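J.: Sharing target.txt (compact mmCIF, C-alpha atoms) below.
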# COMPACT_ATOMS: atom_id res chain seq x y z
CA MET X 1034 0.00 0.00 0.00
CA ILE X 1035 2.87 2.35 0.79
CA ILE X 1036 4.60 1.85 -2.56
CA HIS X 1037 1.33 2.48 -4.40
CA ILE X 1038 0.82 5.72 -2.45
CA LEU X 1039 4.35 6.78 -3.42
CA GLY X 1040 3.65 5.74 -7.03
CA THR X 1041 0.59 8.01 -7.22
CA ILE X 1042 2.42 10.94 -5.62
CA PHE X 1043 5.33 10.50 -8.04
CA ALA X 1044 2.90 10.26 -10.98
CA TYR X 1045 1.27 13.62 -10.22
CA THR X 1046 4.26 15.56 -8.90
CA VAL X 1047 7.04 14.40 -11.25
CA TYR X 1048 5.82 12.23 -14.11
CA ALA X 1049 2.94 14.54 -15.04
CA ASN X 1050 5.50 17.31 -15.70
CA LEU X 1051 7.48 15.10 -18.06
CA SER X 1052 4.70 13.38 -19.99
CA SER X 1053 0.92 13.36 -20.44
CA LEU X 1054 -0.79 11.48 -17.68
CA GLY X 1055 -4.10 9.65 -17.61
CA ASP X 1056 -7.58 10.78 -18.50
CA GLY X 1057 -7.97 13.72 -16.16
CA TYR X 1058 -7.15 15.20 -12.78
CA LEU X 1059 -10.07 17.13 -11.25
CA PRO X 1060 -13.69 15.86 -11.13
CA LYS X 1061 -14.71 18.45 -13.75
CA ASN X 1062 -12.09 16.98 -16.10
CA TYR X 1063 -13.50 13.50 -15.65
CA SER X 1064 -16.99 14.52 -16.76
CA PRO X 1065 -17.89 12.98 -20.15
CA GLU X 1066 -19.66 16.25 -20.99
CA ALA X 1067 -16.39 18.13 -20.57
CA TYR X 1068 -15.01 16.16 -23.52
CA GLY X 1069 -18.15 16.52 -25.60
CA LEU X 1070 -18.68 12.75 -25.54
CA SER X 1071 -22.04 11.34 -26.54
CA GLY X 1072 -23.11 7.71 -26.62
CA PHE X 1073 -21.59 4.81 -24.77
CA SER X 1074 -17.87 4.14 -25.30
CA SER X 1075 -14.83 3.04 -23.33
CA THR X 1076 -13.69 6.64 -22.87
CA TRP X 1077 -17.18 7.72 -21.82
CA MET X 1078 -17.34 4.94 -19.23
CA VAL X 1079 -13.90 5.66 -17.76
CA HIS X 1080 -14.53 9.38 -17.56
CA GLY X 1081 -17.86 8.65 -15.91
CA ILE X 1082 -16.21 6.40 -13.29
CA TYR X 1083 -13.66 9.05 -12.35
CA TYR X 1084 -16.27 11.79 -12.44
CA TYR X 1085 -18.50 10.11 -9.86
CA VAL X 1086 -15.59 8.85 -7.72
CA GLY X 1087 -14.03 12.32 -7.97
CA ASN X 1088 -17.13 13.96 -6.55
CA PHE X 1089 -16.50 12.10 -3.27
CA LEU X 1090 -12.71 11.99 -3.54
CA PRO X 1091 -11.63 15.14 -5.41
CA GLY X 1092 -8.30 15.74 -7.07
CA ILE X 1093 -5.52 13.25 -6.48
CA TRP X 1094 -7.60 11.32 -3.93
CA ALA X 1095 -9.63 9.48 -6.59
CA PRO X 1096 -6.65 7.77 -8.32
CA LEU X 1097 -4.91 7.41 -4.93
CA VAL X 1098 -7.79 5.39 -3.45
CA LEU X 1099 -8.16 3.28 -6.61
CA GLY X 1100 -4.41 2.68 -6.46
CA GLN X 1101 -4.93 1.32 -2.95
CA ILE X 1102 -7.51 -1.08 -4.38
CA VAL X 1103 -4.77 -2.33 -6.72
CA ALA X 1104 -2.49 -2.88 -3.72
CA ILE X 1105 -5.12 -4.63 -1.59
CA ALA X 1106 -6.36 -6.79 -4.47
CA THR X 1107 -2.79 -7.84 -5.30
CA TRP X 1108 -2.14 -8.86 -1.70
CA HIS X 1109 -5.46 -10.70 -1.48
CA VAL X 1110 -4.63 -12.69 -4.62
CA PHE X 1111 -1.11 -13.65 -3.50
CA ARG X 1112 -1.55 -14.06 0.26
CA ASP X 1113 -2.45 -17.78 0.19
CA VAL X 1114 0.75 -18.69 -1.68
CA TYR X 1115 3.05 -15.89 -0.50
CA SER X 1116 5.14 -18.28 1.55
CA TYR X 1117 5.86 -20.33 -1.59
CA ILE X 1118 6.65 -17.49 -3.94
CA ASN X 1119 10.03 -16.16 -5.02
CA ARG X 1120 10.01 -13.03 -2.82
CA GLN X 1121 12.65 -11.11 -4.77
CA LEU X 1122 10.86 -11.76 -8.06
CA PHE X 1123 7.49 -10.86 -6.55
CA TRP X 1124 8.70 -7.47 -5.37
CA VAL X 1125 10.56 -6.73 -8.60
CA CYS X 1126 7.32 -7.32 -10.51
CA ASN X 1127 5.44 -4.99 -8.15
CA LEU X 1128 8.08 -2.26 -8.25
CA PHE X 1129 8.31 -1.59 -11.99
CA PRO X 1130 8.16 2.24 -12.04
CA HIS X 1131 5.67 2.55 -14.89
CA PHE X 1132 3.39 -0.05 -13.37
CA LEU X 1133 3.25 2.04 -10.19
CA VAL X 1134 2.64 5.21 -12.22
CA TRP X 1135 -0.20 3.85 -14.34
CA SER X 1136 -1.82 1.79 -11.60
CA GLY X 1137 -1.80 4.93 -9.45
CA SER X 1138 -3.07 7.55 -11.88
CA SER X 1139 -6.48 8.19 -13.41
CA SER X 1140 -6.48 6.20 -16.63
CA LYS X 1141 -8.07 3.33 -18.50
CA GLU X 1142 -5.07 1.27 -17.43
CA GLN X 1143 -5.83 1.72 -13.72
CA ILE X 1144 -9.37 0.39 -14.19
CA VAL X 1145 -8.20 -2.53 -16.36
CA ILE X 1146 -5.43 -3.45 -13.89
CA ILE X 1147 -7.95 -3.67 -11.03
CA SER X 1148 -10.29 -5.80 -13.17
CA GLY X 1149 -7.42 -7.98 -14.40
CA ILE X 1150 -6.25 -8.76 -10.87
CA PHE X 1151 -9.74 -10.02 -9.98
CA VAL X 1152 -9.74 -12.27 -13.07
CA ILE X 1153 -6.30 -13.81 -12.51
CA GLY X 1154 -7.06 -14.35 -8.81
CA PHE X 1155 -10.22 -16.27 -9.68
CA ALA X 1156 -8.49 -18.26 -12.44
CA ALA X 1157 -5.50 -19.29 -10.33
CA LYS X 1158 -7.55 -20.37 -7.32
CA ARG X 1159 -10.08 -22.22 -9.46
CA SER X 1160 -7.46 -23.95 -11.62
CA PHE X 1161 -4.77 -24.85 -9.13
CA SER X 1162 -6.51 -25.18 -5.78
CA VAL X 1163 -9.76 -26.37 -4.26
CA HIS X 1164 -11.86 -23.27 -4.83
CA ARG X 1165 -15.57 -23.35 -4.22
CA LEU X 1166 -17.52 -21.52 -6.91
CA THR X 1167 -19.84 -18.90 -5.41
CA ILE X 1168 -22.33 -16.57 -7.04
CA MET X 1169 -20.45 -13.53 -5.70
CA SER X 1170 -17.06 -14.64 -7.04
CA LEU X 1171 -18.59 -15.50 -10.42
CA PHE X 1172 -20.37 -12.14 -10.55
CA LEU X 1173 -17.19 -10.20 -9.73
CA VAL X 1174 -15.08 -11.98 -12.32
CA CYS X 1175 -17.77 -11.61 -15.02
CA LEU X 1176 -18.08 -7.89 -14.20
CA SER X 1177 -14.30 -7.56 -14.41
CA LEU X 1178 -14.24 -9.33 -17.78
CA ALA X 1179 -17.00 -7.04 -19.07
CA ILE X 1180 -15.01 -3.96 -18.02
CA ILE X 1181 -11.87 -5.28 -19.73
CA GLY X 1182 -13.88 -6.12 -22.85
CA ILE X 1183 -15.25 -2.58 -23.05
CA ILE X 1184 -12.08 -0.64 -22.21
CA ARG X 1185 -9.39 -2.83 -23.80
CA PRO X 1186 -11.17 -5.33 -26.10
CA ASN X 1187 -7.87 -6.35 -27.74
CA TYR X 1188 -6.68 -7.83 -24.42
CA PHE X 1189 -10.00 -9.42 -23.52
CA VAL X 1190 -9.30 -12.76 -25.28
CA THR X 1191 -6.37 -13.68 -23.01
CA TYR X 1192 -8.28 -12.87 -19.82
CA PHE X 1193 -11.32 -14.75 -21.12
CA THR X 1194 -9.20 -17.82 -21.99
CA ILE X 1195 -7.88 -18.33 -18.47
CA PHE X 1196 -11.36 -17.67 -17.09
CA ILE X 1197 -12.93 -20.40 -19.24
CA THR X 1198 -10.23 -23.02 -18.59
CA SER X 1199 -10.41 -22.31 -14.86
CA LEU X 1200 -14.21 -22.30 -14.74
CA PHE X 1201 -14.33 -25.79 -16.23
CA ALA X 1202 -11.15 -27.01 -14.52
CA PRO X 1203 -12.84 -29.88 -12.58
CA MET X 1204 -14.40 -31.13 -15.81
CA LEU X 1205 -11.29 -30.68 -17.97
CA ASN X 1206 -9.12 -32.58 -15.50
CA LYS X 1207 -11.30 -35.65 -16.03
CA THR X 1208 -11.33 -35.61 -19.84
CA LYS X 1209 -8.89 -37.12 -22.30
CA ILE X 1210 -7.46 -33.65 -22.88
CA TYR X 1211 -5.96 -34.03 -19.41
CA ARG X 1212 -3.69 -36.77 -20.80
CA PHE X 1213 -2.42 -34.84 -23.85
CA SER X 1214 1.35 -34.64 -24.00
CA VAL X 1215 3.30 -31.46 -24.71
CA GLY X 1216 3.96 -32.78 -28.21
CA ILE X 1217 0.25 -33.13 -28.97
CA TRP X 1218 -0.45 -29.69 -27.54
CA THR X 1219 2.37 -28.24 -29.65
CA VAL X 1220 0.93 -29.79 -32.81
CA ILE X 1221 -2.57 -28.53 -31.99
CA ILE X 1222 -1.43 -24.98 -31.18
CA THR X 1223 0.94 -24.79 -34.17
CA THR X 1224 -1.82 -26.01 -36.49
CA LEU X 1225 -4.30 -23.50 -35.08
CA LEU X 1226 -1.81 -20.66 -35.37
CA THR X 1227 -0.87 -21.58 -38.94
CA PHE X 1228 -4.42 -21.93 -40.23
CA SER X 1229 -5.58 -18.83 -38.34
CA ALA X 1230 -2.74 -16.78 -39.82
CA ILE X 1231 -3.33 -18.09 -43.37
CA PHE X 1232 -7.08 -17.53 -43.15
CA TYR X 1233 -6.85 -14.08 -41.62
CA LEU X 1234 -4.07 -12.78 -43.82
CA THR X 1235 -5.75 -14.18 -46.95
CA PHE X 1236 -9.30 -12.96 -46.45
CA PHE X 1237 -8.76 -9.96 -44.18
CA SER X 1238 -5.48 -8.51 -45.41
CA LYS X 1239 -7.16 -5.19 -46.27
CA ASN X 1240 -8.64 -5.03 -42.77
CA VAL X 1241 -5.18 -5.58 -41.30
CA ILE X 1242 -3.69 -2.74 -43.34
CA ASP X 1243 -6.61 -0.44 -42.55
CA PHE X 1244 -6.21 -1.27 -38.86
CA MET X 1245 -2.49 -0.42 -38.91
CA LYS X 1246 -3.12 2.84 -40.77
CA HIS X 1247 -5.91 3.78 -38.36
CA VAL X 1248 -3.66 3.21 -35.33
CA GLU X 1249 -0.80 5.07 -37.02
CA ASN X 1250 -2.99 8.07 -37.88
CA SER X 1251 -4.46 8.19 -34.37
CA PHE X 1252 -0.97 8.47 -32.88
CA LEU X 1253 0.61 10.73 -35.50
CA SER X 1254 -2.33 13.15 -35.32
CA LEU X 1255 -1.37 13.92 -31.73
CA PRO X 1256 1.47 16.36 -30.99
CA GLY X 1257 4.70 14.78 -29.83
CA VAL X 1258 8.31 14.64 -30.92
CA SER X 1259 8.57 10.97 -29.99
CA ASN X 1260 6.18 9.78 -32.72
CA ARG X 1261 7.76 7.28 -35.11
CA GLN X 1262 6.90 8.47 -38.60
CA TYR X 1263 9.20 6.19 -40.58
CA ILE X 1264 7.23 2.91 -40.20
CA GLU X 1265 5.87 1.46 -43.44
CA THR X 1266 2.23 0.31 -43.36
CA GLU X 1267 1.42 -0.16 -47.04
CA ASN X 1268 0.83 -3.92 -47.38
CA ILE X 1269 0.57 -7.18 -45.46
CA SER X 1270 4.32 -7.83 -45.69
CA ASP X 1271 4.87 -4.60 -43.73
CA PHE X 1272 2.59 -5.94 -40.98
CA LEU X 1273 4.57 -9.20 -40.84
CA TYR X 1274 7.98 -7.51 -40.99
CA ASN X 1275 7.13 -4.87 -38.40
CA SER X 1276 6.00 -7.57 -35.98
CA LEU X 1277 9.53 -9.03 -35.88
CA TRP X 1278 10.94 -5.92 -34.23
CA GLY X 1279 7.71 -4.24 -33.10
CA ILE X 1280 6.60 -6.82 -30.53
CA PRO X 1281 9.80 -6.95 -28.45
CA GLN X 1282 10.42 -3.23 -28.93
CA GLY X 1283 6.85 -2.41 -27.95
CA LEU X 1284 7.29 -4.30 -24.69
CA ILE X 1285 10.51 -2.39 -24.02
CA GLY X 1286 9.40 1.13 -25.00
CA PRO X 1287 12.06 3.45 -26.46
CA THR X 1288 14.81 2.15 -28.72
CA ILE X 1289 18.47 2.50 -27.78
CA GLY X 1290 18.75 5.30 -30.37
CA GLU X 1291 15.79 7.18 -28.88
CA ALA X 1292 17.24 6.71 -25.40
CA MET X 1293 20.60 8.13 -26.50
CA TRP X 1294 18.95 11.04 -28.36
CA LYS X 1295 16.73 11.86 -25.39
CA PRO X 1296 18.65 10.92 -22.20
CA ILE X 1297 15.55 11.20 -20.01
CA GLN X 1298 14.32 8.06 -21.77
CA PHE X 1299 17.46 6.04 -20.96
CA PRO X 1300 16.21 4.83 -17.53
CA VAL X 1301 12.93 3.93 -19.27
CA PHE X 1302 14.88 1.90 -21.84
CA LEU X 1303 16.72 0.03 -19.06
CA GLU X 1304 13.42 -0.66 -17.30
CA GLY X 1305 11.99 -2.01 -20.57
CA ILE X 1306 14.95 -4.35 -21.09
CA PHE X 1307 14.57 -5.64 -17.55
CA TYR X 1308 10.79 -6.02 -18.02
CA LEU X 1309 11.26 -8.09 -21.18
CA SER X 1310 13.89 -10.24 -19.44
CA ILE X 1311 11.55 -10.95 -16.51
CA LEU X 1312 8.74 -11.76 -18.95
CA CYS X 1313 10.93 -14.24 -20.86
CA TYR X 1314 12.05 -15.82 -17.59
CA LEU X 1315 8.46 -16.27 -16.36
CA PHE X 1316 7.32 -17.73 -19.69
CA ALA X 1317 10.28 -20.14 -19.73
CA LYS X 1318 9.40 -21.31 -16.20
CA LEU X 1319 5.76 -21.78 -17.23
CA LEU X 1320 6.76 -23.87 -20.25
CA LYS X 1321 9.00 -25.98 -18.02
CA LEU X 1322 6.11 -26.49 -15.60
CA ALA X 1323 3.75 -27.41 -18.45
CA HIS X 1324 6.24 -30.00 -19.67
CA ALA X 1325 6.59 -31.53 -16.22
CA SER X 1326 2.95 -31.49 -15.08
CA ASN X 1327 -0.10 -32.48 -17.11
CA ILE X 1328 -2.26 -31.07 -14.28
CA THR X 1329 -1.16 -27.52 -15.15
CA ARG X 1330 -0.61 -28.13 -18.87
CA ILE X 1331 -4.28 -27.87 -19.75
CA HIS X 1332 -4.37 -24.32 -18.36
CA ILE X 1333 -0.91 -23.03 -19.27
CA LEU X 1334 -0.72 -23.94 -22.97
CA PRO X 1335 -4.10 -22.41 -24.03
CA TYR X 1336 -3.05 -19.31 -22.08
CA PHE X 1337 0.17 -19.20 -24.11
CA PHE X 1338 -1.74 -19.57 -27.36
CA ALA X 1339 -4.20 -16.78 -26.55
CA THR X 1340 -1.47 -14.46 -25.25
CA LEU X 1341 0.71 -14.85 -28.34
CA VAL X 1342 -2.24 -14.24 -30.67
CA VAL X 1343 -3.43 -11.16 -28.78
CA ILE X 1344 0.04 -9.59 -28.59
CA TYR X 1345 0.63 -10.30 -32.28
CA VAL X 1346 -2.68 -8.84 -33.40
CA SER X 1347 -2.53 -5.73 -31.20
CA TYR X 1348 1.18 -4.91 -31.43
CA PRO X 1349 0.58 -1.82 -33.68
CA TYR X 1350 -0.59 0.00 -30.53
CA LEU X 1351 2.95 -0.40 -29.19
CA ILE X 1352 5.14 0.74 -32.08
CA PHE X 1353 4.17 4.25 -33.21
CA ASN X 1354 4.97 6.05 -29.96
CA PRO X 1355 7.26 4.75 -27.17
CA GLY X 1356 5.38 6.68 -24.47
CA SER X 1357 2.05 5.18 -25.50
CA ALA X 1358 3.66 1.74 -25.60
CA LEU X 1359 4.68 2.14 -21.96
CA ARG X 1360 1.11 3.01 -21.04
CA TYR X 1361 -0.69 0.38 -23.13
CA LYS X 1362 1.37 -2.55 -21.86
CA GLN X 1363 0.42 -1.81 -18.24
CA ALA X 1364 -3.12 -3.04 -18.94
CA ILE X 1365 -1.72 -6.55 -19.46
CA HIS X 1366 0.65 -6.47 -16.48
CA PRO X 1367 -1.70 -8.71 -14.42
CA ILE X 1368 -1.98 -11.33 -17.18
CA LEU X 1369 1.66 -11.23 -18.38
CA ILE X 1370 3.45 -10.85 -15.04
CA PHE X 1371 1.20 -11.61 -12.07
CA TYR X 1372 -0.58 -14.65 -13.51
CA PRO X 1373 2.65 -16.62 -14.26
CA LEU X 1374 3.87 -15.73 -10.76
CA LEU X 1375 0.64 -17.09 -9.27
CA VAL X 1376 0.74 -20.31 -11.29
CA LEU X 1377 4.35 -21.00 -10.30
CA ALA X 1378 3.56 -20.29 -6.63
CA TYR X 1379 0.55 -22.63 -6.61
CA ALA X 1380 2.61 -25.36 -8.31
CA ARG X 1381 5.35 -25.00 -5.73
CA SER X 1382 2.87 -25.12 -2.84
CA TYR X 1383 1.33 -28.36 -4.10
CA ASN X 1384 4.73 -29.95 -4.70
CA LEU X 1385 5.58 -29.26 -1.07
CA ILE X 1386 2.27 -30.76 0.07
CA TRP X 1387 2.73 -33.87 -2.07
CA ARG X 1388 6.27 -34.28 -0.73
CA LYS X 1389 4.96 -34.27 2.84
CA LEU X 1390 2.31 -36.83 1.93
As structure tokens, how would this structure be written, given the file I've shared?
T.:
Amino acid sequence: MIIHILGTIFAYTVYANLSSLGDGYLPKNYSPEAYGLSGFSSTWMVHGIYYYVGNFLPGIWAPLVLGQIVAIATWHVFRDVYSYINRQLFWVCNLFPHFLVWSGSSSKEQIVIISGIFVIGFAAKRSFSVHRLTIMSLFLVCLSLAIIGIIRPNYFVTYFTIFITSLFAPMLNKTKIYRFSVGIWTVIITTLLTFSAIFYLTFFSKNVIDFMKHVENSFLSLPGVSNRQYIETENISDFLYNSLWGIPQGLIGPTIGEAMWKPIQFPVFLEGIFYLSILCYLFAKLLKLAHASNITRIHILPYFFATLVVIYVSYPYLIFNPGSALRYKQAIHPILIFYPLLVLAYARSYNLIWRKL
């Protein structure tokens, strides 16, 4: 709770003077009418949330209190397996500077992070422990999924995948799928990826190009010297080529050249490199666990498939502006960072129990 308080204070006293921050600051700024918004949309909903919360908690208090919900929800999710978790890794993942900034400031990301933590907590407990399904828990996770689907629909698929596999975990663990080897899963996932890519790129290539151009125009229309205006988006080969560098670079943020040209971005570049390294480490540990345990395999491998697809499809949001990339990736911090940590902790706790038995 203390580090999230410090994160919010830093966001509004330091970070806000260096970069644009969130969707508003005072209750009057949160009002949908202040932005001339009409009709239901993700922006309208988020502004409405902060407008009504801001009436009771004006100014910095609204994002500060919601940041405390992030802190409390994170502790609630991890408390049952905290004694089995890698403590150093847990605190590193909670102390990423930009995660603290965007989980502590008024933004779409703050709302999605709160919702995402509820989803991963439900999925981990349901999948890897004896978790009784209650109407309240099901309602909260469905509400969280709905919020994610409205605010960040491109990330909804991954959250929904772990929800479905966890919801039907008792049934899945009794089916023949439970006995599938890693090799069979690899063939299935590779086949699905191949046919999905061929189908989509064959019949929807124009949609892909239009999507990239739309995202590019939405970023380049905004003022900012950090916009990348040299990226080609003319045909489907550009989409495929840009993904080779765009996905890892999007998860990092600024390039080494941008960091050298603008020294204030150099610490951000180092944070991005460290973030990507932690992400690769967690994914490698998950794959190792999936290979060793068919109990967890049925949940981990579909999660991998959905995550790879979602990141691949939505990577254009991460490449046209390094600052926006830093913000957009925070919405998937719970699913990319916290969920693997939870799965590994639950696996370790059950290994210790089995050893005692």
J.: Using all atoms listed in the file, find all polymer residues with an atom at most 12 Å away from the point (5.1, -22.2, -7.1); report them as a PyMOL selection string.
T.: chain X and resi 1111+1113-1120+1122-1123+1157+1161+1315+1318-1319+1322+1329+1372-1386
J.: Quick one: distance from atom CA of X:Ala1364 to atom CA of X:Thr1219 in Å, one decimal?
T.: 27.9 Å
J.: Just how far from atom CA of X:Val1125 is atom CA of X:Ile1036, in Å to one decimal?
T.: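 One can read the atom CA of X:Ile1036 to atom CA of X:Val1125 distance as 12.1 Å.
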J.: Counting all atoms listed in the file, I want the residues whose atoms come within 10 Å of (-2.0, -23.1, -27.7) in the file frame, returned as a PyMOL selection string.
T.: chain X and resi 1218-1226+1331-1342
J.: Find the residues near X:Ile1035: any atom within 9 Å, counting only C-alpha atoms, skip ones fewer than 4 places away on the same chain, and give them as a list in words.
T.: Leu1039, Gly1040, Gln1101 and Ala1104 of chain X
J.: Rounded to one decimal, what separation in Å do you get between atom CA of X:Trp1094 and atom CA of X:Tyr1045?
T.: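 Those two atoms sit 11.1 Å apart.
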J.: Measuring between all atoms listed in the file, which one of X:His1366, X:Lys1141, X:Ile1181, X:Thr1107 shows the shortest distance to X:His1080?
T.: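 Nearest to X:His1080: X:Lys1141.
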